[in-house]
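Here is protein_15.txt, consisting of compact mmCIF, C-alpha atoms:
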```txt
# COMPACT_ATOMS: atom_id res chain seq x y z
CA MET A 1 6.15 26.66 18.91
CA GLN A 2 6.81 23.91 16.39
CA LYS A 3 4.35 23.24 13.59
CA VAL A 4 4.05 20.25 11.28
CA CYS A 5 2.63 19.72 7.79
CA VAL A 6 0.76 16.48 6.99
CA ILE A 7 0.22 15.71 3.30
CA GLY A 8 -2.85 13.56 2.66
CA ALA A 9 -5.94 12.66 4.69
CA GLY A 10 -6.20 9.01 3.74
CA SER A 11 -5.77 6.17 6.20
CA SER A 12 -2.15 7.13 7.01
CA GLY A 13 -2.66 10.89 7.05
CA ILE A 14 -5.53 10.85 9.53
CA ALA A 15 -3.55 8.48 11.76
CA ALA A 16 -0.74 11.02 11.80
CA CYS A 17 -3.19 13.84 12.54
CA GLN A 18 -4.68 11.95 15.48
CA VAL A 19 -1.28 11.26 17.04
CA LEU A 20 -0.08 14.85 16.57
CA ALA A 21 -3.30 16.20 18.09
CA GLU A 22 -3.03 13.81 21.02
CA ARG A 23 0.56 14.94 21.65
CA GLY A 24 -0.32 18.63 21.43
CA ILE A 25 1.76 19.22 18.29
CA ALA A 26 0.29 21.89 16.01
CA TYR A 27 -0.19 20.84 12.39
CA ASP A 28 -1.90 21.58 9.10
CA CYS A 29 -3.15 18.73 6.92
CA PHE A 30 -3.63 19.18 3.18
CA GLU A 31 -6.01 16.89 1.31
CA LEU A 32 -6.55 16.87 -2.44
CA GLY A 33 -10.16 15.67 -2.25
CA SER A 34 -13.32 16.86 -0.52
CA ASP A 35 -13.29 14.25 2.24
CA VAL A 36 -11.08 11.88 4.17
CA GLY A 37 -10.50 8.27 3.14
CA GLY A 38 -8.04 8.45 0.28
CA ASN A 39 -7.87 5.20 -1.66
CA TRP A 40 -10.80 3.72 0.30
CA LEU A 41 -13.27 6.41 -0.74
CA TYR A 42 -15.08 5.06 -3.79
CA LEU A 43 -15.36 7.66 -6.58
CA ASN A 44 -13.19 10.01 -4.52
CA ASP A 45 -13.12 13.41 -6.21
CA ASN A 46 -9.38 13.65 -5.63
CA GLY A 47 -9.15 11.62 -8.86
CA GLN A 48 -6.57 9.25 -7.40
CA SER A 49 -8.54 6.50 -5.68
CA SER A 50 -8.30 3.05 -7.25
CA ALA A 51 -11.31 1.63 -5.36
CA TYR A 52 -13.77 -0.37 -7.47
CA ARG A 53 -17.42 -0.86 -6.55
CA SER A 54 -17.03 -4.36 -5.13
CA LEU A 55 -13.81 -3.70 -3.19
CA HIS A 56 -13.45 -5.35 0.23
CA ILE A 57 -10.46 -5.40 2.54
CA ASN A 58 -8.11 -8.37 2.40
CA THR A 59 -7.23 -8.13 6.08
CA SER A 60 -9.81 -8.70 8.79
CA ARG A 61 -11.17 -5.69 10.65
CA GLN A 62 -9.50 -6.78 13.89
CA ILE A 63 -6.10 -6.62 12.16
CA MET A 64 -6.85 -3.45 10.18
CA GLN A 65 -8.28 -1.20 12.89
CA TYR A 66 -6.40 1.58 14.63
CA ALA A 67 -5.30 0.77 18.16
CA SER A 68 -6.82 4.07 19.32
CA PHE A 69 -10.22 3.46 17.71
CA PRO A 70 -11.43 -0.14 17.28
CA MET A 71 -13.94 -0.94 14.55
CA SER A 72 -17.51 -1.67 15.52
CA ASP A 73 -18.32 -5.32 16.19
CA ALA A 74 -21.32 -4.75 13.91
CA TYR A 75 -18.95 -4.59 10.94
CA PRO A 76 -18.39 -7.80 8.98
CA VAL A 77 -15.07 -9.59 9.37
CA TYR A 78 -13.98 -8.33 5.94
CA PRO A 79 -15.72 -4.95 5.42
CA GLY A 80 -16.26 -3.31 2.06
CA HIS A 81 -15.05 0.14 1.05
CA ALA A 82 -18.27 1.81 2.23
CA HIS A 83 -17.78 0.42 5.75
CA ILE A 84 -14.15 1.58 5.77
CA ALA A 85 -15.08 5.07 4.55
CA ARG A 86 -17.64 5.36 7.38
CA TYR A 87 -15.02 4.11 9.85
CA PHE A 88 -12.59 6.83 8.75
CA ASP A 89 -15.33 9.45 9.02
CA ALA A 90 -16.14 8.27 12.54
CA PHE A 91 -12.42 8.30 13.45
CA VAL A 92 -12.02 11.90 12.30
CA GLU A 93 -15.20 13.04 14.05
CA HIS A 94 -14.36 11.22 17.29
CA PHE A 95 -10.99 12.94 17.59
CA GLY A 96 -12.15 16.30 16.22
CA LEU A 97 -9.65 16.31 13.36
CA ARG A 98 -11.74 17.73 10.51
CA PRO A 99 -11.16 21.47 11.25
CA SER A 100 -7.40 20.96 10.88
CA ILE A 101 -7.69 19.48 7.36
CA ARG A 102 -7.61 21.79 4.35
CA PHE A 103 -9.74 19.97 1.79
CA ARG A 104 -9.59 20.47 -1.98
CA THR A 105 -5.99 21.65 -1.51
CA GLU A 106 -3.04 20.28 -3.46
CA VAL A 107 0.52 20.49 -2.20
CA THR A 108 2.55 21.59 -5.22
CA GLU A 109 6.03 22.01 -3.74
CA VAL A 110 7.98 21.04 -0.62
CA VAL A 111 11.50 22.48 -0.32
CA GLN A 112 13.97 22.96 2.49
CA ASP A 113 13.97 26.47 3.92
CA GLY A 114 16.79 26.95 6.42
CA ASP A 115 16.03 24.66 9.35
CA GLY A 116 12.47 24.16 8.16
CA TRP A 117 10.43 23.14 5.14
CA ALA A 118 8.54 25.52 2.88
CA VAL A 119 5.26 24.05 1.66
CA THR A 120 3.38 25.59 -1.26
CA SER A 121 -0.26 24.62 -1.72
CA ARG A 122 -3.02 25.52 -4.18
CA HIS A 123 -6.78 25.34 -3.73
CA ARG A 124 -8.27 23.25 -6.51
CA ASP A 125 -11.36 25.44 -6.96
CA THR A 126 -10.10 28.99 -6.40
CA HIS A 127 -6.52 28.27 -7.57
CA GLU A 128 -5.35 30.48 -4.73
CA GLU A 129 -1.81 29.63 -3.62
CA ASP A 130 -0.44 29.66 -0.10
CA ARG A 131 3.01 29.13 1.35
CA GLY A 132 3.94 28.16 4.88
CA VAL A 133 7.13 27.12 6.65
CA TYR A 134 7.03 24.08 8.93
CA ASP A 135 9.44 22.40 11.31
CA ALA A 136 8.65 18.99 9.80
CA VAL A 137 6.68 17.44 6.95
CA LEU A 138 4.88 14.10 7.23
CA VAL A 139 4.21 12.73 3.74
CA ALA A 140 1.15 10.46 3.74
CA ASN A 141 -0.14 10.70 0.18
CA GLY A 142 -0.16 6.93 -0.38
CA HIS A 143 1.50 4.74 -2.99
CA HIS A 144 -1.46 3.30 -4.90
CA TRP A 145 -2.40 6.23 -7.10
CA LYS A 146 0.09 6.39 -10.01
CA PRO A 147 -0.49 3.38 -12.32
CA ARG A 148 2.56 1.37 -13.30
CA TRP A 149 2.20 0.06 -16.83
CA PRO A 150 4.14 -3.01 -18.03
CA ARG A 151 7.80 -2.30 -18.74
CA PRO A 152 8.32 -3.25 -21.45
CA GLY A 153 4.76 -3.38 -22.70
CA ILE A 154 3.28 -6.16 -24.82
CA PRO A 155 5.15 -6.00 -28.16
CA GLU A 156 3.06 -4.43 -30.93
CA SER A 157 0.24 -3.60 -28.48
CA SER A 158 0.11 -0.16 -30.10
CA ASP A 159 -1.62 -1.93 -33.01
CA PHE A 160 -4.33 -3.32 -30.73
CA VAL A 161 -7.68 -1.65 -31.56
CA GLY A 162 -9.53 -2.75 -28.44
CA ALA A 163 -9.54 -0.99 -25.09
CA GLN A 164 -6.47 -1.03 -22.83
CA LEU A 165 -6.78 0.19 -19.26
CA HIS A 166 -5.04 -0.10 -15.94
CA SER A 167 -6.79 -1.61 -12.92
CA HIS A 168 -6.55 1.85 -11.33
CA ASP A 169 -9.34 2.95 -13.68
CA TYR A 170 -11.55 -0.13 -13.33
CA ARG A 171 -14.81 0.48 -11.43
CA THR A 172 -17.57 -1.94 -12.47
CA PRO A 173 -17.85 -5.00 -14.75
CA GLU A 174 -20.94 -3.92 -16.72
CA PRO A 175 -19.02 -2.14 -19.54
CA LEU A 176 -17.27 -5.46 -20.19
CA ALA A 177 -20.44 -7.44 -20.76
CA ASP A 178 -20.16 -9.84 -23.71
CA ARG A 179 -16.55 -8.84 -24.34
CA ARG A 180 -13.43 -10.99 -24.48
CA VAL A 181 -11.33 -9.74 -21.59
CA LEU A 182 -7.67 -10.32 -20.84
CA VAL A 183 -6.54 -9.53 -17.28
CA VAL A 184 -2.75 -9.27 -16.91
CA GLY A 185 -1.36 -9.99 -13.45
CA ILE A 186 -1.86 -12.34 -10.50
CA GLY A 187 -2.10 -9.90 -7.57
CA ASN A 188 -5.18 -9.10 -5.53
CA SER A 189 -6.67 -6.64 -8.01
CA ALA A 190 -6.09 -9.01 -10.93
CA CYS A 191 -7.93 -11.83 -9.17
CA ASP A 192 -10.83 -9.60 -8.09
CA ILE A 193 -11.26 -8.13 -11.56
CA ALA A 194 -10.92 -11.48 -13.36
CA VAL A 195 -13.55 -13.01 -11.08
CA GLU A 196 -15.92 -10.08 -11.55
CA THR A 197 -15.58 -9.76 -15.31
CA SER A 198 -15.98 -13.53 -15.76
CA ARG A 199 -19.60 -13.18 -14.60
CA VAL A 200 -20.53 -10.83 -17.45
CA SER A 201 -17.92 -11.24 -20.19
CA ARG A 202 -18.05 -13.54 -23.17
CA ARG A 203 -14.72 -14.91 -21.98
CA THR A 204 -12.13 -13.89 -19.38
CA TYR A 205 -8.45 -14.82 -19.58
CA LEU A 206 -5.97 -14.37 -16.74
CA ALA A 207 -2.34 -14.06 -17.86
CA MET A 208 0.71 -14.07 -15.60
CA ARG A 209 4.50 -14.17 -15.85
CA ARG A 210 4.86 -16.45 -12.81
CA GLY A 211 2.71 -18.40 -10.40
CA ALA A 212 1.42 -17.13 -7.07
CA HIS A 213 0.20 -18.73 -3.87
CA ILE A 214 -3.54 -18.12 -3.55
CA VAL A 215 -4.47 -17.56 0.09
CA PRO A 216 -8.12 -17.83 1.23
CA LYS A 217 -9.59 -15.26 3.61
CA HIS A 218 -10.43 -18.03 6.08
CA LEU A 219 -8.53 -21.14 7.08
CA PHE A 220 -10.59 -23.72 8.95
CA GLY A 221 -13.18 -21.10 9.93
CA VAL A 222 -10.67 -18.51 11.20
CA PRO A 223 -9.58 -15.33 9.35
CA THR A 224 -6.25 -16.25 7.82
CA ASP A 225 -4.48 -13.09 8.96
CA HIS A 226 -5.16 -14.02 12.58
CA LEU A 227 -2.22 -16.36 12.12
CA THR A 228 -0.02 -13.27 12.50
CA HIS A 229 -0.89 -13.34 16.21
CA SER A 230 -0.44 -17.09 16.60
CA TRP A 231 2.55 -19.17 17.70
CA LEU A 232 3.35 -19.72 14.03
CA ALA A 233 4.17 -16.02 13.52
CA ARG A 234 6.76 -16.20 16.30
CA ALA A 235 8.53 -19.21 14.80
CA PRO A 236 11.59 -18.94 12.53
CA LEU A 237 10.75 -17.85 8.99
CA ALA A 238 11.40 -21.30 7.52
CA VAL A 239 8.94 -22.83 10.02
CA GLN A 240 6.35 -20.14 9.29
CA ASP A 241 6.69 -20.74 5.58
CA ARG A 242 6.45 -24.52 5.82
CA GLY A 243 3.54 -24.34 8.25
CA LEU A 244 1.53 -22.00 6.02
CA HIS A 245 2.34 -24.12 2.96
CA LEU A 246 0.92 -27.21 4.67
CA LEU A 247 -2.20 -25.36 5.83
CA LEU A 248 -2.85 -24.12 2.31
CA ARG A 249 -2.30 -27.55 0.80
CA LEU A 250 -4.77 -29.09 3.25
CA SER A 251 -7.41 -26.41 2.75
CA ARG A 252 -7.40 -25.93 -1.02
CA GLY A 253 -5.26 -28.68 -2.58
CA ARG A 254 -2.74 -28.15 -5.40
CA LEU A 255 -2.90 -25.01 -7.51
CA ALA A 256 -2.02 -27.05 -10.59
CA ASP A 257 -5.36 -28.83 -10.21
CA TYR A 258 -7.07 -25.49 -10.94
CA GLY A 259 -4.93 -24.81 -14.01
CA LEU A 260 -2.61 -22.34 -12.28
CA PRO A 261 1.16 -22.64 -12.61
CA THR A 262 2.90 -23.98 -9.51
CA PRO A 263 4.76 -21.08 -7.86
CA ALA A 264 8.53 -21.38 -7.97
CA HIS A 265 8.88 -19.38 -4.75
CA ARG A 266 8.01 -20.02 -1.11
CA VAL A 267 4.67 -18.83 0.28
CA LEU A 268 6.24 -15.99 2.28
CA ALA A 269 8.62 -14.94 -0.50
CA ALA A 270 5.99 -12.72 -2.14
CA HIS A 271 3.17 -10.45 -1.10
CA PRO A 272 0.15 -12.74 -0.72
CA THR A 273 -2.61 -12.98 -3.30
CA ILE A 274 -5.80 -13.32 -1.30
CA SER A 275 -8.97 -14.63 -2.93
CA ASP A 276 -11.86 -16.86 -1.95
CA ASP A 277 -13.45 -16.76 -5.41
CA LEU A 278 -10.69 -17.27 -7.97
CA LEU A 279 -10.24 -21.00 -7.48
CA SER A 280 -13.98 -21.57 -7.67
CA ARG A 281 -14.27 -19.66 -10.96
CA LEU A 282 -11.30 -21.60 -12.34
CA ALA A 283 -12.82 -24.90 -11.27
CA HIS A 284 -16.05 -23.99 -13.06
CA GLY A 285 -14.18 -23.07 -16.24
CA ASP A 286 -15.25 -19.43 -16.14
CA ILE A 287 -11.67 -18.13 -16.30
CA THR A 288 -8.89 -19.43 -18.54
CA VAL A 289 -5.30 -19.18 -17.31
CA LYS A 290 -2.65 -18.05 -19.77
CA PRO A 291 1.12 -17.47 -19.59
CA ALA A 292 2.55 -14.01 -20.24
CA PRO A 293 1.54 -12.28 -23.51
CA SER A 294 4.26 -12.28 -26.14
CA LYS A 295 2.75 -9.84 -28.66
CA ALA A 296 -0.52 -8.39 -29.97
CA ASP A 297 -2.05 -7.35 -33.24
CA GLU A 298 -5.25 -5.44 -34.03
CA GLY A 299 -7.61 -7.89 -32.35
CA HIS A 300 -5.55 -10.73 -30.93
CA VAL A 301 -3.07 -11.43 -28.17
CA PHE A 302 -0.38 -14.08 -28.57
CA PHE A 303 1.01 -15.92 -25.54
CA GLU A 304 4.34 -17.49 -24.65
CA ASP A 305 2.95 -21.03 -25.01
CA GLY A 306 2.17 -20.33 -28.68
CA SER A 307 -1.58 -19.91 -28.22
CA VAL A 308 -3.50 -16.93 -29.55
CA GLU A 309 -6.85 -15.50 -28.46
CA GLU A 310 -9.22 -12.91 -29.85
CA ILE A 311 -9.39 -10.11 -27.27
CA ASP A 312 -11.55 -6.98 -26.98
CA THR A 313 -10.20 -5.45 -23.75
CA ILE A 314 -6.88 -5.71 -21.90
CA ILE A 315 -6.79 -4.78 -18.20
CA TYR A 316 -3.30 -4.35 -16.77
CA CYS A 317 -3.07 -5.16 -13.06
CA THR A 318 0.62 -4.31 -12.88
CA GLY A 319 0.90 -2.24 -9.73
CA TYR A 320 1.89 1.33 -9.01
CA ASP A 321 4.85 3.66 -9.12
CA ILE A 322 5.82 5.43 -5.92
CA SER A 323 5.80 9.14 -6.65
CA PHE A 324 6.00 12.46 -4.83
CA PRO A 325 5.43 15.18 -7.45
CA PHE A 326 5.86 17.95 -4.86
CA LEU A 327 9.44 16.87 -4.09
CA ALA A 328 12.30 17.72 -6.43
CA ASP A 329 14.20 14.85 -8.02
CA GLY A 330 16.97 13.67 -5.76
CA VAL A 331 15.39 14.78 -2.48
CA LEU A 332 14.51 11.22 -1.50
CA GLY A 333 16.84 9.15 -3.66
CA LEU A 334 13.87 7.22 -5.03
CA ARG A 335 14.93 4.66 -7.63
CA ASP A 336 12.84 1.77 -8.99
CA ASN A 337 10.22 2.22 -6.24
CA ASN A 338 12.98 1.84 -3.64
CA PRO A 339 13.02 4.85 -1.27
CA ALA A 340 16.04 5.35 0.99
CA LEU A 341 14.34 5.71 4.38
CA TYR A 342 15.55 4.81 7.85
CA ARG A 343 13.10 2.32 9.37
CA ARG A 344 10.95 3.06 6.27
CA VAL A 345 10.09 6.50 7.68
CA ALA A 346 12.93 9.01 8.09
CA ALA A 347 14.99 10.54 5.26
CA PRO A 348 18.60 10.41 6.57
CA ASP A 349 19.82 13.38 4.56
CA ARG A 350 16.68 15.52 4.97
CA PRO A 351 16.08 16.25 8.66
CA GLY A 352 12.41 16.87 9.38
CA LEU A 353 11.12 14.91 6.36
CA TYR A 354 9.16 11.77 7.27
CA PHE A 355 6.96 9.30 5.37
CA ILE A 356 3.90 7.71 6.96
CA GLY A 357 2.38 4.54 5.50
CA LEU A 358 5.02 4.04 2.81
CA VAL A 359 5.18 0.30 3.42
CA GLN A 360 3.62 -2.79 1.84
CA PRO A 361 2.78 -4.98 4.82
CA LEU A 362 2.02 -8.63 5.33
CA GLY A 363 -0.88 -7.41 7.43
CA ALA A 364 -2.67 -4.05 7.49
CA ILE A 365 -1.17 -0.62 7.01
CA MET A 366 -3.35 1.38 9.44
CA PRO A 367 -1.80 0.17 12.73
CA LEU A 368 1.65 0.60 11.20
CA ALA A 369 0.95 4.21 10.18
CA GLU A 370 -0.29 4.85 13.70
CA ALA A 371 2.90 3.39 15.22
CA GLN A 372 5.11 5.31 12.78
CA SER A 373 3.34 8.53 13.76
CA HIS A 374 3.98 7.92 17.45
CA TRP A 375 7.69 7.45 16.72
CA VAL A 376 7.84 10.66 14.69
CA ALA A 377 6.01 12.50 17.48
CA ASP A 378 8.68 11.24 19.90
CA LEU A 379 11.34 12.68 17.61
CA LEU A 380 9.54 16.00 17.25
CA GLN A 381 9.12 16.37 21.00
CA GLY A 382 12.68 15.35 21.79
CA HIS A 383 11.72 12.18 23.62
CA CYS A 384 14.13 10.30 21.37
CA THR A 385 16.63 11.07 18.61
CA LEU A 386 17.77 9.51 15.38
CA PRO A 387 21.20 7.88 15.08
CA ASP A 388 23.89 9.49 12.98
CA ARG A 389 23.64 9.59 9.19
CA GLU A 390 26.06 6.69 8.64
CA HIS A 391 24.10 4.42 10.96
CA MET A 392 20.85 5.23 9.17
CA HIS A 393 22.28 4.51 5.74
CA ALA A 394 23.73 1.23 7.03
CA GLU A 395 20.27 0.20 8.28
CA ILE A 396 18.73 1.01 4.91
CA HIS A 397 21.37 -1.12 3.16
CA THR A 398 20.70 -4.01 5.56
CA TYR A 399 16.95 -3.77 4.98
CA ARG A 400 17.36 -3.77 1.20
CA THR A 401 19.73 -6.73 1.31
CA ARG A 402 17.45 -8.73 3.58
CA THR A 403 14.37 -7.90 1.49
CA ALA A 404 16.09 -8.85 -1.78
CA ARG A 405 17.20 -12.15 -0.26
CA ARG A 406 13.74 -13.07 1.02
CA TYR A 407 11.33 -11.86 -1.65
CA VAL A 408 10.83 -12.46 -5.36
CA ALA A 409 12.54 -9.68 -7.35
CA SER A 410 9.76 -7.17 -8.01
CA THR A 411 9.10 -3.47 -7.50
CA ARG A 412 6.11 -4.44 -5.33
CA HIS A 413 8.50 -5.83 -2.70
CA THR A 414 10.83 -2.84 -2.29
CA ILE A 415 8.82 -1.53 0.69
CA GLN A 416 7.66 -4.90 2.05
CA VAL A 417 7.43 -5.51 5.81
CA ASP A 418 5.94 -8.14 8.11
CA ALA A 419 3.42 -6.18 10.15
CA GLN A 420 4.05 -7.69 13.59
CA ALA A 421 7.84 -7.81 13.17
CA TYR A 422 7.82 -4.21 11.97
CA LEU A 423 5.79 -3.05 14.98
CA ARG A 424 8.37 -4.69 17.23
CA GLU A 425 11.12 -2.96 15.24
CA LEU A 426 9.51 0.44 15.80
CA ARG A 427 9.11 -0.20 19.52
CA ARG A 428 12.80 -1.10 19.78
CA GLU A 429 13.75 2.01 17.81
CA ARG A 430 11.75 4.24 20.15
CA ARG A 431 13.51 2.73 23.17
CA ARG A 432 16.96 3.09 21.61
CA GLY A 433 16.19 6.61 20.48
CA ALA A 434 15.16 7.50 24.01
CA VAL A 435 18.50 6.25 25.32
CA ARG A 436 20.34 8.25 22.63
CA GLY A 437 18.38 11.36 23.48
CA ARG A 438 18.56 11.05 27.27
CA GLY A 439 20.11 14.14 28.72
CA ALA A 440 20.05 15.99 25.41
CA VAL A 441 19.22 19.65 25.50
CA ARG A 442 15.55 20.22 24.66
CA GLY A 443 15.50 22.82 21.97
CA ARG A 444 15.27 23.25 18.26
CA GLY A 445 17.71 20.38 17.61
CA ALA A 446 15.41 18.00 19.48
CA VAL A 447 12.38 19.38 17.70
CA ARG A 448 14.03 18.67 14.37
CA GLY A 449 14.03 14.95 15.15
CA GLY A 450 17.65 14.28 15.99
CA ARG A 451 19.40 16.95 13.89
CA ARG A 452 22.93 17.57 15.10
```

Could you take the file, read its structure, and then write that structure out as structure tokens?
Amino acid sequence: MQKVCVIGAGSSGIAACQVLAERGIAYDCFELGSDVGGNWLYLNDNGQSSAYRSLHINTSRQIMQYASFPMSDAYPVYPGHAHIARYFDAFVEHFGLRPSIRFRTEVTEVVQDGDGWAVTSRHRDTHEEDRGVYDAVLVANGHHWKPRWPRPGIPESSDFVGAQLHSHDYRTPEPLADRRVLVVGIGNSACDIAVETSRVSRRTYLAMRRGAHIVPKHLFGVPTDHLTHSWLARAPLAVQDRGLHLLLRLSRGRLADYGLPTPAHRVLAAHPTISDDLLSRLAHGDITVKPAPSKADEGHVFFEDGSVEEIDTIIYCTGYDISFPFLADGVLGLRDNNPALYRRVAAPDRPGLYFIGLVQPLGAIMPLAEAQSHWVADLLQGHCTLPDREHMHAEIHTYRTRTARRYVASTRHTIQVDAQAYLRELRRERRRGAVRGRGAVRGRGAVRGGRR
């Protein structure tokens, strides 16, 4: 009987567990912390969560919820982390998944072992090690846990005597009371942190290398991400982009009027920055916009426009590195946050190795992880097969080329997908895989997900 290893019990890992359980596929799930929830569990004792106290989702609950387990209508449209943690708890309890999860257990090594995968784990409290061999491994440890610092950093910032931290370690604004704070970045975390610190700091500056389109959570009384289910989302990309640009211009005016640089890229050429509060704080003069820092000294930061400001704390909101410390270098071909994965899931040269939730969606990740898990379950049960290695590598090349052509050059866009388009892509792949696998002998080759 086949058995599968799931690494991580965050939003993607528990989705994989639910699908495997539903399909009758035996599995073990290893979770570093004491509970499920991953990045959404505030003060998670796994030490890897980046959730801050005020964190709320940027996609509405209707878009974020699992298809198999809708969120309660009693939840707000944009729930906070505490709501999401309770939702994950309820999900796990409803499907009876908790007994299959080994909590406080770190996966330290995953290596190929004949036709299977040997997984070594260690309990964080007893330090007892265990080793098991599995037919497949589903990696769902997330990609928002290893902070990515600026490369290169601010010149001479080693001389800076104030505090320097990454947004990954930010929790509450109180320690920044009466301090001069510089937030570097223009993504979602940067905007949230700049807004929050501006309420307690002596002064908050927001510095960025380029402009960004600021998208509100509601447009004309409707959650903005509901547009992904509208006629606009089915239009050609150029029409989508122009339509959203006009809606944003009508609803919030010109970004230049708030002191922000006008973005040089189209609205849909970058992962959206979603904020209802940033423009208000800018309009009230509570945040000062700055260009990129050019250098620092003991107590000052200099900027590309020639200005200089006295700064006490620098907070870098510069994203995350994708990392799998339990995999040897070269197993995945990971370079510059750009994993070589067929349909963003399957490793072409490593049969039985799959990645769940390793995407950055325009939309929510939970339904995508659920859909990915169903596809992998099809492969494991022989309901469909993968194409040959050359075909998979060609698809990866096409995806990378298309992504580079559409999006601003940035490591945050190497795993970018449009949620609804990607769901359609997975449905097509399952149908094609079923045709490929029709009539194939059901046996270990089918269990290995298309190995030939």

With 8 Å as the cut-off and only C-alpha atoms counted, what is the closest atom pair between each nearby residue of region 125-214 of chain A and region 269-293 of chain A? Distances in Å to one decimal, ordered by chain and number, as CSV.
```
residue,atom,partner,partner_atom,distance
A:Ile154,CA,A:Pro293,CA,6.5
A:Val184,CA,A:Ala292,CA,7.9
A:Ile186,CA,A:Thr273,CA,7.3
A:Gly187,CA,A:Thr273,CA,5.3
A:Asn188,CA,A:Thr273,CA,5.2
A:Cys191,CA,A:Leu278,CA,6.2
A:Asp192,CA,A:Ser275,CA,7.4
A:Ala194,CA,A:Ile287,CA,7.3
A:Val195,CA,A:Leu278,CA,6.0
A:Ser198,CA,A:Asp286,CA,6.0
A:Arg199,CA,A:Asp286,CA,7.8
A:Arg203,CA,A:Ile287,CA,7.2
A:Thr204,CA,A:Ile287,CA,5.3
A:Tyr205,CA,A:Thr288,CA,4.7
A:Leu206,CA,A:Val289,CA,4.9
A:Ala207,CA,A:Lys290,CA,4.4
A:Met208,CA,A:Ala292,CA,5.0
A:Arg209,CA,A:Ala292,CA,4.8
A:Arg210,CA,A:Pro291,CA,7.8
A:Ala212,CA,A:Thr273,CA,6.9
A:His213,CA,A:Thr273,CA,6.4
A:Ile214,CA,A:Thr273,CA,5.2
```

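The space separating CA of Glu310 (chain A) from CA of Arg180 (chain A) comes to 7.1 Å.
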
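For the pair CA of Ser50 (chain A) and CA of Ser189 (chain A), the separation is 9.9 Å.
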
Exercise for the section: Provide the CA of Arg151 (chain A) to CA of Thr318 (chain A) distance in Å, to one decimal place. Expected result: 9.5 Å

Handout entry: Selected residue of minimal separation from Phe302 (chain A) among A:Phe160, A:Tyr354, A:Phe91, A:Trp231, counting all atoms listed in the file
Key =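 For Phe302 (chain A), the nearest of the given residues is A:Phe160.
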
Could the residues of region 76-168 of chain A that have an atom at most 10 Å from region 373-390 of chain A be listed as CSV, each with its closest atom pair and the distance in Å to one decimal, counting all atoms listed in the file and ordered by chain and ascending residue number?
```
residue,atom,partner,partner_atom,distance
A:Asp135,CA,A:Leu380,CA,8.7
A:Ala136,CA,A:Leu380,CA,8.1
A:Leu138,CA,A:Ser373,CA,8.7
```

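Candidate residues A:Asp297, A:Arg406, A:Ile365, A:Cys317 were compared for distance to Ser157 (chain A), and the nearest is A:Asp297, using only C-alpha atoms.
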
Handout entry: Residues near Tyr42 (chain A), cut-off 8 Å, only C-alpha atoms, skip fewer than 2 positions along chain, as a PyMOL selection string
Key = chain A and resi 39-40+44+49-53+81-82

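Candidate residues A:His226, A:Glu425, A:Val435, A:Leu182 were compared for distance to Thr313 (chain A), and the nearest is A:Leu182, using all atoms listed in the file.
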
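Distances here use only C-alpha atoms; by that measure, the residue among A:Arg424, A:Met392, A:Thr401, A:Glu31 closest to Arg234 (chain A) is A:Arg424.
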
Problem - Option closest in space to Val133 (chain A), from A:Leu332, A:Ile193, A:Ala296, A:Val4 [counting all atoms listed in the file] - result: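 Closest to Val133 (chain A) of all the choices is A:Val4.
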
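Compared by their closest atoms to Trp145 (chain A), and using only C-alpha atoms, the residues A:His166, A:Arg104, A:Arg350, A:Arg86 rank with A:His166 nearest.
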